[in-house]
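Have a look at the structure below, then the notes.
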Amino acid sequence: MAILNEILSFNEKFVANKEYEKYEATKYPEKKLVIISCMDTRLTELLPQAMNVKNGDVKIIKTAGAIIAHPFGSVMRSILVAIYALKASEVCVIGHHDCGMSAMNPDDFMEKMKGKGITEETLNTLKYSGMDLNQWLRGFDKVEDAVESSVNLVKHHPLLPQSVPVHGLVIDPETGKLDVVIDGYKNNG
């Protein structure tokens with residue numbers, strides 16, 4: 001509760017002082033780009049600065065590891081909304097080095113769940129319902145491979161126009177250096 005109260009107290013002053021005015025933008029991304037990036041806290045300000053984007057320039061979707069896990073899940077739906085309804089025309093998947101999803105161990109993760117009160121019975125119910133938690137909770141060994149997998153899922157989606165370039169990059173969370181994994185202009189078609 002303390003964090004929420006702190007946020008609401010700050011927000012009251014933020015609105016009263018009209019600090020929002022410097023962030024005014026339309027819902028349409030000026031640079032017509034959708035970015036899927038990791039939710040890592042080191043990227044919150046670093047990624048936009050490293051890419052020279054500001055408020056209103058791009059749509060940013062954050063997921064653990066910048067992974068798009070399902071072709072018909074909420075991340076892919078958000079990409080399609082950005083393309084068809086919000087005038088975006090390119091997609092960029094950006095993973096990063098030293099990601100928490102790299103080599104994530106599903107068994108360790110489930111032990112942490114149990115430590116926070118998730119019962120073995122609940123885990124078994126999911127298992128017997130056809131949910132493969134080991135697969136769902138698995139991370140990746142190499143960030144470049146994870147980026148390539150997400151790029152391919154987006155690029156080959158049946159509802160994505162073939163004309164939309166889908167890029168794949170990896171950012172260094174310490175320096176902001178971007179490395180190209182897939183150049184969507186060269187691989188468009």
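Residues are referred to by chain and number: the chain letter is A, B, ... according to the order shown in the structure tokens, the number counts from 1 in that chain, and ligands are numbered separately from 1 in the order shown.
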From a DSSP calculation on the backbone, collect every residue of region 31-184 of chain A in alpha helix (DSSP H) and output the set as a compact mmCIF listing (two decimals) with all heavy atoms, in the first residue's frame.
```
# COMPACT_ATOMS: atom_id res chain seq x y z
N LEU A 43 16.27 -0.73 -18.90
CA LEU A 43 15.93 -0.26 -20.24
C LEU A 43 14.89 0.85 -20.25
O LEU A 43 14.64 1.45 -21.29
CB LEU A 43 15.42 -1.43 -21.09
CG LEU A 43 16.36 -2.63 -21.23
CD1 LEU A 43 15.73 -3.68 -22.12
CD2 LEU A 43 17.72 -2.20 -21.75
N THR A 44 14.27 1.13 -19.12
CA THR A 44 13.17 2.09 -19.06
C THR A 44 13.53 3.42 -19.70
O THR A 44 12.79 3.95 -20.52
CB THR A 44 12.70 2.28 -17.61
OG1 THR A 44 12.29 1.01 -17.09
CG2 THR A 44 11.54 3.26 -17.53
N GLU A 45 14.67 3.97 -19.34
CA GLU A 45 15.10 5.25 -19.92
C GLU A 45 16.22 5.05 -20.94
O GLU A 45 16.34 5.82 -21.89
CB GLU A 45 15.55 6.21 -18.82
CG GLU A 45 14.38 6.66 -17.95
CD GLU A 45 14.77 7.72 -16.95
OE1 GLU A 45 15.62 8.57 -17.25
OE2 GLU A 45 14.21 7.70 -15.84
N LEU A 46 17.04 4.01 -20.75
CA LEU A 46 18.18 3.78 -21.64
C LEU A 46 17.76 3.48 -23.07
O LEU A 46 18.30 4.05 -24.01
CB LEU A 46 19.05 2.63 -21.10
CG LEU A 46 20.27 2.26 -21.95
CD1 LEU A 46 21.28 3.40 -21.98
CD2 LEU A 46 20.91 0.98 -21.41
N LEU A 47 16.81 2.59 -23.25
CA LEU A 47 16.40 2.19 -24.59
C LEU A 47 15.90 3.36 -25.43
O LEU A 47 16.40 3.57 -26.55
CB LEU A 47 15.36 1.06 -24.54
CG LEU A 47 14.88 0.55 -25.90
CD1 LEU A 47 16.00 -0.14 -26.66
CD2 LEU A 47 13.71 -0.41 -25.71
N PRO A 48 14.96 4.16 -24.95
CA PRO A 48 14.53 5.31 -25.76
C PRO A 48 15.68 6.28 -26.08
O PRO A 48 15.77 6.78 -27.20
CB PRO A 48 13.46 5.98 -24.91
CG PRO A 48 12.97 4.93 -23.99
CD PRO A 48 14.16 4.05 -23.73
N GLN A 49 16.55 6.52 -25.11
CA GLN A 49 17.68 7.42 -25.35
C GLN A 49 18.63 6.84 -26.39
O GLN A 49 19.11 7.56 -27.27
CB GLN A 49 18.43 7.70 -24.04
CG GLN A 49 17.64 8.53 -23.05
CD GLN A 49 17.36 9.93 -23.57
OE1 GLN A 49 18.23 10.60 -24.10
NE2 GLN A 49 16.11 10.35 -23.45
N ALA A 50 18.91 5.54 -26.29
CA ALA A 50 19.83 4.89 -27.21
C ALA A 50 19.27 4.85 -28.64
O ALA A 50 20.03 4.77 -29.61
CB ALA A 50 20.14 3.47 -26.74
N MET A 51 17.95 4.93 -28.77
CA MET A 51 17.31 4.89 -30.09
C MET A 51 16.85 6.27 -30.58
O MET A 51 16.25 6.35 -31.64
CB MET A 51 16.10 3.95 -30.03
CG MET A 51 16.47 2.51 -29.77
SD MET A 51 15.04 1.44 -29.80
CE MET A 51 14.67 1.41 -31.56
N SER A 74 -1.71 -11.71 -26.47
CA SER A 74 -1.92 -10.27 -26.35
C SER A 74 -0.79 -9.44 -26.97
O SER A 74 -1.04 -8.33 -27.46
CB SER A 74 -2.13 -9.87 -24.90
OG SER A 74 -0.99 -10.18 -24.13
N VAL A 75 0.42 -9.95 -26.98
CA VAL A 75 1.53 -9.18 -27.58
C VAL A 75 1.32 -9.07 -29.09
O VAL A 75 1.40 -7.97 -29.66
CB VAL A 75 2.90 -9.80 -27.25
CG1 VAL A 75 4.01 -9.06 -27.98
CG2 VAL A 75 3.14 -9.78 -25.75
N MET A 76 1.03 -10.19 -29.73
CA MET A 76 0.82 -10.16 -31.19
C MET A 76 -0.41 -9.33 -31.53
O MET A 76 -0.40 -8.58 -32.51
CB MET A 76 0.71 -11.59 -31.73
CG MET A 76 0.79 -11.68 -33.23
SD MET A 76 2.38 -11.11 -33.89
CE MET A 76 1.82 -10.25 -35.35
N ARG A 77 -1.44 -9.44 -30.72
CA ARG A 77 -2.64 -8.61 -30.95
C ARG A 77 -2.28 -7.13 -30.86
O ARG A 77 -2.71 -6.32 -31.68
CB ARG A 77 -3.74 -8.96 -29.95
CG ARG A 77 -5.00 -8.12 -30.17
CD ARG A 77 -6.09 -8.43 -29.16
NE ARG A 77 -5.60 -8.18 -27.83
CZ ARG A 77 -5.88 -8.93 -26.77
NH1 ARG A 77 -6.65 -9.98 -26.87
NH2 ARG A 77 -5.39 -8.63 -25.58
N SER A 78 -1.46 -6.76 -29.89
CA SER A 78 -1.04 -5.36 -29.74
C SER A 78 -0.25 -4.89 -30.95
O SER A 78 -0.41 -3.75 -31.40
CB SER A 78 -0.21 -5.20 -28.46
OG SER A 78 -1.00 -5.47 -27.32
N ILE A 79 0.60 -5.74 -31.48
CA ILE A 79 1.36 -5.39 -32.69
C ILE A 79 0.40 -5.13 -33.84
O ILE A 79 0.52 -4.13 -34.57
CB ILE A 79 2.36 -6.51 -33.05
CG1 ILE A 79 3.46 -6.60 -31.99
CG2 ILE A 79 2.96 -6.27 -34.45
CD1 ILE A 79 4.32 -7.84 -32.09
N LEU A 80 -0.57 -6.02 -34.01
CA LEU A 80 -1.53 -5.86 -35.11
C LEU A 80 -2.39 -4.61 -34.93
O LEU A 80 -2.67 -3.90 -35.91
CB LEU A 80 -2.40 -7.11 -35.23
CG LEU A 80 -1.64 -8.37 -35.67
CD1 LEU A 80 -2.54 -9.59 -35.56
CD2 LEU A 80 -1.08 -8.21 -37.07
N VAL A 81 -2.78 -4.29 -33.70
CA VAL A 81 -3.53 -3.06 -33.44
C VAL A 81 -2.67 -1.85 -33.83
O VAL A 81 -3.16 -0.91 -34.47
CB VAL A 81 -3.97 -2.98 -31.96
CG1 VAL A 81 -4.46 -1.58 -31.61
CG2 VAL A 81 -5.07 -4.00 -31.68
N ALA A 82 -1.40 -1.87 -33.46
CA ALA A 82 -0.51 -0.76 -33.80
C ALA A 82 -0.40 -0.59 -35.32
O ALA A 82 -0.39 0.53 -35.83
CB ALA A 82 0.86 -0.97 -33.18
N ILE A 83 -0.34 -1.70 -36.03
CA ILE A 83 -0.20 -1.65 -37.50
C ILE A 83 -1.50 -1.18 -38.15
O ILE A 83 -1.51 -0.26 -38.97
CB ILE A 83 0.19 -3.04 -38.06
CG1 ILE A 83 1.55 -3.50 -37.52
CG2 ILE A 83 0.14 -3.06 -39.60
CD1 ILE A 83 2.74 -2.74 -38.00
N TYR A 84 -2.61 -1.79 -37.80
CA TYR A 84 -3.87 -1.53 -38.50
C TYR A 84 -4.64 -0.32 -37.98
O TYR A 84 -5.32 0.35 -38.74
CB TYR A 84 -4.77 -2.77 -38.45
CG TYR A 84 -4.28 -3.87 -39.36
CD1 TYR A 84 -3.70 -5.01 -38.84
CD2 TYR A 84 -4.40 -3.78 -40.75
CE1 TYR A 84 -3.25 -6.04 -39.66
CE2 TYR A 84 -3.95 -4.78 -41.58
CZ TYR A 84 -3.37 -5.91 -41.04
OH TYR A 84 -2.93 -6.91 -41.86
N PRO A 106 12.86 -23.57 -15.08
CA PRO A 106 11.45 -23.71 -14.68
C PRO A 106 11.26 -24.38 -13.32
O PRO A 106 10.36 -24.00 -12.57
CB PRO A 106 10.85 -24.57 -15.80
CG PRO A 106 11.75 -24.38 -16.96
CD PRO A 106 13.12 -24.17 -16.39
N ASP A 107 12.10 -25.36 -12.99
CA ASP A 107 11.95 -26.04 -11.70
C ASP A 107 12.22 -25.08 -10.55
O ASP A 107 11.49 -25.06 -9.55
CB ASP A 107 12.88 -27.26 -11.62
CG ASP A 107 12.46 -28.36 -12.60
OD1 ASP A 107 11.24 -28.52 -12.83
OD2 ASP A 107 13.35 -29.04 -13.14
N ASP A 108 13.28 -24.27 -10.67
CA ASP A 108 13.58 -23.27 -9.64
C ASP A 108 12.44 -22.26 -9.52
O ASP A 108 12.07 -21.85 -8.42
CB ASP A 108 14.89 -22.53 -9.96
CG ASP A 108 16.11 -23.42 -9.86
OD1 ASP A 108 16.02 -24.52 -9.26
OD2 ASP A 108 17.17 -23.02 -10.40
N PHE A 109 11.90 -21.87 -10.67
CA PHE A 109 10.81 -20.91 -10.70
C PHE A 109 9.59 -21.46 -9.96
O PHE A 109 8.95 -20.75 -9.17
CB PHE A 109 10.47 -20.57 -12.16
CG PHE A 109 9.72 -19.29 -12.33
CD1 PHE A 109 10.40 -18.09 -12.51
CD2 PHE A 109 8.34 -19.26 -12.35
CE1 PHE A 109 9.72 -16.90 -12.68
CE2 PHE A 109 7.65 -18.07 -12.52
CZ PHE A 109 8.34 -16.89 -12.69
N MET A 110 9.27 -22.73 -10.22
CA MET A 110 8.10 -23.33 -9.56
C MET A 110 8.34 -23.48 -8.06
O MET A 110 7.39 -23.36 -7.27
CB MET A 110 7.74 -24.65 -10.22
CG MET A 110 7.04 -24.44 -11.57
SD MET A 110 6.41 -25.94 -12.31
CE MET A 110 7.82 -26.45 -13.28
N GLU A 111 9.57 -23.71 -7.65
CA GLU A 111 9.88 -23.76 -6.22
C GLU A 111 9.63 -22.39 -5.58
O GLU A 111 9.12 -22.30 -4.46
CB GLU A 111 11.32 -24.21 -5.98
CG GLU A 111 11.53 -25.70 -6.18
CD GLU A 111 10.61 -26.58 -5.34
OE1 GLU A 111 10.48 -26.31 -4.12
OE2 GLU A 111 10.02 -27.53 -5.89
N LYS A 112 9.97 -21.33 -6.28
CA LYS A 112 9.70 -19.97 -5.78
C LYS A 112 8.19 -19.74 -5.67
O LYS A 112 7.73 -19.08 -4.74
CB LYS A 112 10.35 -18.93 -6.67
CG LYS A 112 11.87 -18.91 -6.57
CD LYS A 112 12.47 -17.90 -7.52
CE LYS A 112 13.99 -17.95 -7.43
NZ LYS A 112 14.64 -17.05 -8.37
N MET A 113 7.45 -20.27 -6.63
CA MET A 113 5.98 -20.16 -6.57
C MET A 113 5.45 -20.84 -5.31
O MET A 113 4.62 -20.28 -4.60
CB MET A 113 5.34 -20.80 -7.81
CG MET A 113 5.53 -20.05 -9.09
SD MET A 113 4.78 -21.02 -10.42
CE MET A 113 4.91 -19.86 -11.76
N LYS A 114 5.94 -22.04 -5.07
CA LYS A 114 5.51 -22.78 -3.88
C LYS A 114 5.87 -22.01 -2.61
O LYS A 114 5.09 -21.98 -1.66
CB LYS A 114 6.15 -24.17 -3.85
CG LYS A 114 5.63 -25.10 -4.93
CD LYS A 114 6.39 -26.42 -4.87
CE LYS A 114 6.14 -27.26 -6.10
NZ LYS A 114 6.98 -28.48 -6.09
N GLY A 115 7.02 -21.37 -2.62
CA GLY A 115 7.45 -20.57 -1.48
C GLY A 115 6.54 -19.38 -1.22
O GLY A 115 6.52 -18.82 -0.13
N GLU A 120 1.18 -27.46 -4.67
CA GLU A 120 1.50 -28.55 -5.60
C GLU A 120 0.23 -28.97 -6.34
O GLU A 120 0.27 -29.29 -7.53
CB GLU A 120 2.11 -29.73 -4.84
CG GLU A 120 2.64 -30.83 -5.73
CD GLU A 120 3.90 -30.45 -6.49
OE1 GLU A 120 4.76 -29.75 -5.92
OE2 GLU A 120 4.03 -30.85 -7.66
N GLU A 121 -0.89 -28.95 -5.62
CA GLU A 121 -2.18 -29.30 -6.23
C GLU A 121 -2.51 -28.36 -7.40
O GLU A 121 -2.95 -28.80 -8.46
CB GLU A 121 -3.29 -29.24 -5.17
CG GLU A 121 -4.66 -29.59 -5.71
CD GLU A 121 -5.75 -29.45 -4.67
OE1 GLU A 121 -5.51 -28.89 -3.58
OE2 GLU A 121 -6.87 -29.92 -4.95
N THR A 122 -2.28 -27.07 -7.22
CA THR A 122 -2.52 -26.11 -8.30
C THR A 122 -1.62 -26.40 -9.49
O THR A 122 -2.07 -26.40 -10.64
CB THR A 122 -2.30 -24.67 -7.79
OG1 THR A 122 -3.23 -24.40 -6.75
CG2 THR A 122 -2.47 -23.66 -8.91
N LEU A 123 -0.35 -26.65 -9.22
CA LEU A 123 0.59 -26.96 -10.31
C LEU A 123 0.18 -28.23 -11.03
O LEU A 123 0.25 -28.30 -12.27
CB LEU A 123 2.01 -27.05 -9.76
CG LEU A 123 2.59 -25.76 -9.17
CD1 LEU A 123 3.97 -26.02 -8.57
CD2 LEU A 123 2.65 -24.66 -10.21
N ASN A 124 -0.27 -29.24 -10.28
CA ASN A 124 -0.72 -30.48 -10.90
C ASN A 124 -1.99 -30.28 -11.72
O ASN A 124 -2.16 -30.88 -12.78
CB ASN A 124 -0.94 -31.56 -9.83
CG ASN A 124 0.37 -32.15 -9.36
OD1 ASN A 124 1.37 -32.16 -10.07
ND2 ASN A 124 0.38 -32.63 -8.12
N THR A 125 -2.90 -29.44 -11.23
CA THR A 125 -4.12 -29.13 -11.99
C THR A 125 -3.76 -28.55 -13.34
O THR A 125 -4.32 -28.93 -14.38
CB THR A 125 -5.03 -28.16 -11.21
OG1 THR A 125 -5.43 -28.77 -9.99
CG2 THR A 125 -6.25 -27.77 -12.03
N LEU A 126 -2.81 -27.61 -13.35
CA LEU A 126 -2.35 -27.04 -14.62
C LEU A 126 -1.73 -28.10 -15.51
O LEU A 126 -2.00 -28.17 -16.72
CB LEU A 126 -1.37 -25.89 -14.36
CG LEU A 126 -1.98 -24.65 -13.71
CD1 LEU A 126 -0.88 -23.71 -13.25
CD2 LEU A 126 -2.92 -23.95 -14.67
N LYS A 127 -0.89 -28.93 -14.92
CA LYS A 127 -0.22 -29.99 -15.68
C LYS A 127 -1.24 -30.94 -16.31
O LYS A 127 -1.16 -31.25 -17.50
CB LYS A 127 0.72 -30.75 -14.74
CG LYS A 127 1.43 -31.91 -15.40
CD LYS A 127 2.31 -32.63 -14.39
CE LYS A 127 2.94 -33.87 -14.98
NZ LYS A 127 3.74 -34.59 -13.99
N TYR A 128 -2.22 -31.38 -15.52
CA TYR A 128 -3.21 -32.34 -16.02
C TYR A 128 -4.23 -31.70 -16.94
O TYR A 128 -4.99 -32.39 -17.61
CB TYR A 128 -3.88 -33.08 -14.86
CG TYR A 128 -2.88 -33.86 -14.03
CD1 TYR A 128 -2.86 -33.76 -12.64
CD2 TYR A 128 -1.93 -34.68 -14.63
CE1 TYR A 128 -1.93 -34.46 -11.88
CE2 TYR A 128 -0.99 -35.37 -13.88
CZ TYR A 128 -1.01 -35.26 -12.51
OH TYR A 128 -0.09 -35.94 -11.76
N LEU A 133 4.10 -26.35 -17.94
CA LEU A 133 4.74 -25.25 -17.21
C LEU A 133 6.24 -25.21 -17.47
O LEU A 133 6.82 -24.13 -17.52
CB LEU A 133 4.47 -25.36 -15.71
CG LEU A 133 3.08 -24.93 -15.25
CD1 LEU A 133 2.90 -25.19 -13.77
CD2 LEU A 133 2.84 -23.47 -15.56
N ASN A 134 6.86 -26.37 -17.66
CA ASN A 134 8.30 -26.38 -17.95
C ASN A 134 8.60 -25.64 -19.24
O ASN A 134 9.56 -24.88 -19.33
CB ASN A 134 8.85 -27.81 -18.01
CG ASN A 134 9.02 -28.38 -16.63
OD1 ASN A 134 9.49 -27.70 -15.72
ND2 ASN A 134 8.65 -29.64 -16.46
N GLN A 135 7.78 -25.84 -20.25
CA GLN A 135 7.97 -25.14 -21.52
C GLN A 135 7.61 -23.66 -21.38
O GLN A 135 8.32 -22.79 -21.87
CB GLN A 135 7.12 -25.80 -22.62
CG GLN A 135 7.25 -25.15 -23.98
CD GLN A 135 8.66 -25.21 -24.54
OE1 GLN A 135 9.38 -26.16 -24.32
NE2 GLN A 135 9.06 -24.17 -25.24
N TRP A 136 6.50 -23.38 -20.72
CA TRP A 136 5.98 -22.02 -20.59
C TRP A 136 6.93 -21.13 -19.79
O TRP A 136 7.06 -19.94 -20.06
CB TRP A 136 4.60 -22.07 -19.93
CG TRP A 136 3.84 -20.79 -19.95
CD1 TRP A 136 3.41 -20.09 -21.04
CD2 TRP A 136 3.41 -20.06 -18.80
NE1 TRP A 136 2.73 -18.97 -20.63
CE2 TRP A 136 2.72 -18.92 -19.26
CE3 TRP A 136 3.54 -20.25 -17.43
CZ2 TRP A 136 2.16 -17.98 -18.41
CZ3 TRP A 136 2.97 -19.31 -16.58
CH2 TRP A 136 2.29 -18.20 -17.08
N VAL A 143 20.46 -14.76 -26.29
CA VAL A 143 19.50 -13.69 -26.56
C VAL A 143 19.26 -13.51 -28.06
O VAL A 143 18.14 -13.25 -28.49
CB VAL A 143 19.92 -12.37 -25.88
CG1 VAL A 143 21.20 -11.81 -26.46
CG2 VAL A 143 18.79 -11.34 -25.95
N GLU A 144 20.28 -13.66 -28.87
CA GLU A 144 20.12 -13.49 -30.32
C GLU A 144 19.13 -14.51 -30.89
O GLU A 144 18.33 -14.19 -31.77
CB GLU A 144 21.47 -13.61 -31.03
CG GLU A 144 22.43 -12.48 -30.72
CD GLU A 144 23.25 -12.69 -29.44
OE1 GLU A 144 23.05 -13.70 -28.72
OE2 GLU A 144 24.10 -11.82 -29.15
N ASP A 145 19.18 -15.75 -30.37
CA ASP A 145 18.24 -16.78 -30.83
C ASP A 145 16.81 -16.45 -30.41
O ASP A 145 15.86 -16.67 -31.16
CB ASP A 145 18.64 -18.15 -30.27
CG ASP A 145 19.96 -18.66 -30.85
OD1 ASP A 145 20.41 -18.15 -31.89
OD2 ASP A 145 20.53 -19.59 -30.23
N ALA A 146 16.66 -15.93 -29.19
CA ALA A 146 15.33 -15.55 -28.70
C ALA A 146 14.75 -14.42 -29.55
O ALA A 146 13.57 -14.43 -29.91
CB ALA A 146 15.40 -15.15 -27.24
N VAL A 147 15.59 -13.43 -29.88
CA VAL A 147 15.14 -12.32 -30.73
C VAL A 147 14.74 -12.84 -32.10
O VAL A 147 13.68 -12.50 -32.63
CB VAL A 147 16.24 -11.23 -30.84
CG1 VAL A 147 15.92 -10.25 -31.96
CG2 VAL A 147 16.40 -10.51 -29.51
N GLU A 148 15.56 -13.69 -32.67
CA GLU A 148 15.27 -14.25 -34.00
C GLU A 148 13.96 -15.03 -33.98
O GLU A 148 13.14 -14.91 -34.90
CB GLU A 148 16.41 -15.15 -34.46
CG GLU A 148 16.21 -15.68 -35.86
CD GLU A 148 17.39 -16.50 -36.37
OE1 GLU A 148 18.45 -16.51 -35.72
OE2 GLU A 148 17.23 -17.12 -37.43
N SER A 149 13.71 -15.80 -32.93
CA SER A 149 12.47 -16.56 -32.82
C SER A 149 11.26 -15.64 -32.78
O SER A 149 10.26 -15.87 -33.47
CB SER A 149 12.53 -17.43 -31.56
OG SER A 149 11.32 -18.12 -31.38
N SER A 150 11.33 -14.57 -31.99
CA SER A 150 10.22 -13.62 -31.91
C SER A 150 10.02 -12.88 -33.23
O SER A 150 8.88 -12.68 -33.67
CB SER A 150 10.43 -12.64 -30.76
OG SER A 150 10.26 -13.29 -29.52
N VAL A 151 11.11 -12.50 -33.87
CA VAL A 151 11.01 -11.83 -35.17
C VAL A 151 10.31 -12.75 -36.17
O VAL A 151 9.40 -12.32 -36.90
CB VAL A 151 12.40 -11.40 -35.70
CG1 VAL A 151 12.33 -11.03 -37.18
CG2 VAL A 151 12.93 -10.23 -34.89
N ASN A 152 10.71 -14.01 -36.20
CA ASN A 152 10.10 -14.95 -37.15
C ASN A 152 8.62 -15.17 -36.86
O ASN A 152 7.82 -15.26 -37.79
CB ASN A 152 10.86 -16.28 -37.14
CG ASN A 152 12.18 -16.17 -37.87
OD1 ASN A 152 12.35 -15.37 -38.78
ND2 ASN A 152 13.15 -16.97 -37.44
N LEU A 153 8.25 -15.22 -35.59
CA LEU A 153 6.84 -15.38 -35.25
C LEU A 153 6.03 -14.20 -35.78
O LEU A 153 4.97 -14.38 -36.37
CB LEU A 153 6.67 -15.51 -33.74
CG LEU A 153 5.27 -15.88 -33.27
CD1 LEU A 153 5.34 -16.74 -32.02
CD2 LEU A 153 4.43 -14.65 -32.99
N VAL A 154 6.55 -12.99 -35.61
CA VAL A 154 5.84 -11.79 -36.08
C VAL A 154 5.84 -11.75 -37.61
O VAL A 154 4.80 -11.57 -38.24
CB VAL A 154 6.49 -10.50 -35.52
CG1 VAL A 154 5.85 -9.26 -36.14
CG2 VAL A 154 6.39 -10.46 -34.01
N LYS A 155 7.00 -11.92 -38.21
CA LYS A 155 7.14 -11.78 -39.66
C LYS A 155 6.26 -12.76 -40.43
O LYS A 155 5.73 -12.45 -41.48
CB LYS A 155 8.61 -11.96 -40.06
CG LYS A 155 8.87 -11.72 -41.53
CD LYS A 155 8.54 -10.29 -41.90
CE LYS A 155 8.49 -10.07 -43.39
NZ LYS A 155 7.81 -8.85 -43.76
```
Give me the residues of region 53-156 of chain A that have any atom at most 6 Å from an atom of region 163-183 of chain A; for each, the nearest atom pair and the distance in Å, rounded to one decimal. Use only C-alpha atoms, sort by chain and number, and format it as JSON lines.
```
{"residue": "A:Ser89", "atom": "CA", "partner": "A:Val164", "partner_atom": "CA", "distance": 5.9}
{"residue": "A:Glu90", "atom": "CA", "partner": "A:Pro165", "partner_atom": "CA", "distance": 5.2}
{"residue": "A:Val91", "atom": "CA", "partner": "A:Val166", "partner_atom": "CA", "distance": 4.7}
{"residue": "A:Cys92", "atom": "CA", "partner": "A:His167", "partner_atom": "CA", "distance": 4.6}
{"residue": "A:Val93", "atom": "CA", "partner": "A:Gly168", "partner_atom": "CA", "distance": 4.8}
{"residue": "A:Ile94", "atom": "CA", "partner": "A:Leu169", "partner_atom": "CA", "distance": 4.7}
{"residue": "A:Gly95", "atom": "CA", "partner": "A:Val170", "partner_atom": "CA", "distance": 4.7}
{"residue": "A:His96", "atom": "CA", "partner": "A:Ile171", "partner_atom": "CA", "distance": 4.7}
{"residue": "A:His97", "atom": "CA", "partner": "A:Asp172", "partner_atom": "CA", "distance": 5.6}
{"residue": "A:Val147", "atom": "CA", "partner": "A:Gly168", "partner_atom": "CA", "distance": 5.9}
```
Export, as a PDB file, in the first residue's frame, the selected residues with N, CA and C atoms.
```
ATOM      1  N   SER A  89       4.157   1.219 -39.071  1.00  0.00           N
ATOM      2  CA  SER A  89       4.478   0.523 -40.314  1.00  0.00           C
ATOM      3  C   SER A  89       5.727  -0.352 -40.211  1.00  0.00           C
ATOM      4  N   GLU A  90       6.375  -0.398 -39.044  1.00  0.00           N
ATOM      5  CA  GLU A  90       7.534  -1.260 -38.828  1.00  0.00           C
ATOM      6  C   GLU A  90       7.486  -1.816 -37.419  1.00  0.00           C
ATOM      7  N   VAL A  91       8.152  -2.963 -37.236  1.00  0.00           N
ATOM      8  CA  VAL A  91       8.211  -3.630 -35.945  1.00  0.00           C
ATOM      9  C   VAL A  91       9.672  -3.889 -35.605  1.00  0.00           C
ATOM     10  N   CYS A  92      10.016  -3.727 -34.338  1.00  0.00           N
ATOM     11  CA  CYS A  92      11.378  -3.962 -33.887  1.00  0.00           C
ATOM     12  C   CYS A  92      11.351  -4.741 -32.571  1.00  0.00           C
ATOM     13  N   VAL A  93      11.931  -5.937 -32.575  1.00  0.00           N
ATOM     14  CA  VAL A  93      12.049  -6.751 -31.362  1.00  0.00           C
ATOM     15  C   VAL A  93      13.443  -6.500 -30.799  1.00  0.00           C
ATOM     16  N   ILE A  94      13.515  -6.093 -29.531  1.00  0.00           N
ATOM     17  CA  ILE A  94      14.807  -5.745 -28.938  1.00  0.00           C
ATOM     18  C   ILE A  94      15.017  -6.511 -27.636  1.00  0.00           C
ATOM     19  N   GLY A  95      15.913  -7.482 -27.701  1.00  0.00           N
ATOM     20  CA  GLY A  95      16.331  -8.199 -26.505  1.00  0.00           C
ATOM     21  C   GLY A  95      17.538  -7.497 -25.909  1.00  0.00           C
ATOM     22  N   HIS A  96      18.074  -8.049 -24.822  1.00  0.00           N
ATOM     23  CA  HIS A  96      19.264  -7.427 -24.227  1.00  0.00           C
ATOM     24  C   HIS A  96      20.148  -8.462 -23.557  1.00  0.00           C
ATOM     25  N   HIS A  97      21.420  -8.133 -23.479  1.00  0.00           N
ATOM     26  CA  HIS A  97      22.379  -8.991 -22.789  1.00  0.00           C
ATOM     27  C   HIS A  97      22.070  -8.981 -21.302  1.00  0.00           C
ATOM     28  N   VAL A 147      15.587 -13.429 -29.883  1.00  0.00           N
ATOM     29  CA  VAL A 147      15.139 -12.320 -30.734  1.00  0.00           C
ATOM     30  C   VAL A 147      14.737 -12.843 -32.103  1.00  0.00           C
TER      31      VAL A 147
END
```
Please report, as a list in words, each residue of region 86-169 of chain A to which DSSP assigns strand (DSSP E or B) when run on this structure's backbone.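 Those in region 86-169 of chain A that DSSP calls strand (DSSP E or B) are Glu90, Val91, Cys92, Val93, Ile94, Gly95, His96, Ser102, Phe140, Val166, His167, Gly168 and Leu169 of chain A.
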Expected file: the selected residues, N, CA, C and O atoms, as a short mmCIF file (atom, residue, chain, number, x, y, z; two decimals), in the first residue's frame:
```cif
data_model
loop_
_atom_site.label_atom_id
_atom_site.label_comp_id
_atom_site.auth_asym_id
_atom_site.auth_seq_id
_atom_site.Cartn_x
_atom_site.Cartn_y
_atom_site.Cartn_z
N GLU A 90 6.38 -0.40 -39.04
CA GLU A 90 7.53 -1.26 -38.83
C GLU A 90 7.49 -1.82 -37.42
O GLU A 90 6.90 -1.21 -36.52
N VAL A 91 8.15 -2.96 -37.24
CA VAL A 91 8.21 -3.63 -35.95
C VAL A 91 9.67 -3.89 -35.61
O VAL A 91 10.46 -4.24 -36.48
N CYS A 92 10.02 -3.73 -34.34
CA CYS A 92 11.38 -3.96 -33.89
C CYS A 92 11.35 -4.74 -32.57
O CYS A 92 10.80 -4.26 -31.59
N VAL A 93 11.93 -5.94 -32.58
CA VAL A 93 12.05 -6.75 -31.36
C VAL A 93 13.44 -6.50 -30.80
O VAL A 93 14.44 -6.67 -31.51
N ILE A 94 13.51 -6.09 -29.53
CA ILE A 94 14.81 -5.74 -28.94
C ILE A 94 15.02 -6.51 -27.64
O ILE A 94 14.40 -6.23 -26.62
N GLY A 95 15.91 -7.48 -27.70
CA GLY A 95 16.33 -8.20 -26.50
C GLY A 95 17.54 -7.50 -25.91
O GLY A 95 18.00 -6.48 -26.42
N HIS A 96 18.07 -8.05 -24.82
CA HIS A 96 19.26 -7.43 -24.23
C HIS A 96 20.15 -8.46 -23.56
O HIS A 96 19.69 -9.54 -23.16
N SER A 102 17.39 -15.32 -19.50
CA SER A 102 18.42 -16.21 -20.04
C SER A 102 18.66 -17.34 -19.05
O SER A 102 18.87 -17.13 -17.87
N PHE A 140 15.82 -18.67 -22.20
CA PHE A 140 16.61 -18.94 -23.41
C PHE A 140 18.08 -18.96 -23.04
O PHE A 140 18.49 -18.44 -22.02
N VAL A 166 10.26 -6.29 -40.15
CA VAL A 166 10.36 -6.72 -38.75
C VAL A 166 11.85 -6.87 -38.45
O VAL A 166 12.52 -7.73 -39.00
N HIS A 167 12.34 -6.01 -37.58
CA HIS A 167 13.77 -5.98 -37.23
C HIS A 167 14.00 -6.69 -35.91
O HIS A 167 13.11 -6.75 -35.06
N GLY A 168 15.22 -7.16 -35.72
CA GLY A 168 15.62 -7.76 -34.45
C GLY A 168 16.94 -7.17 -34.00
O GLY A 168 17.91 -7.14 -34.76
N LEU A 169 16.97 -6.65 -32.77
CA LEU A 169 18.17 -6.03 -32.22
C LEU A 169 18.44 -6.56 -30.82
O LEU A 169 17.55 -7.08 -30.16
#
```
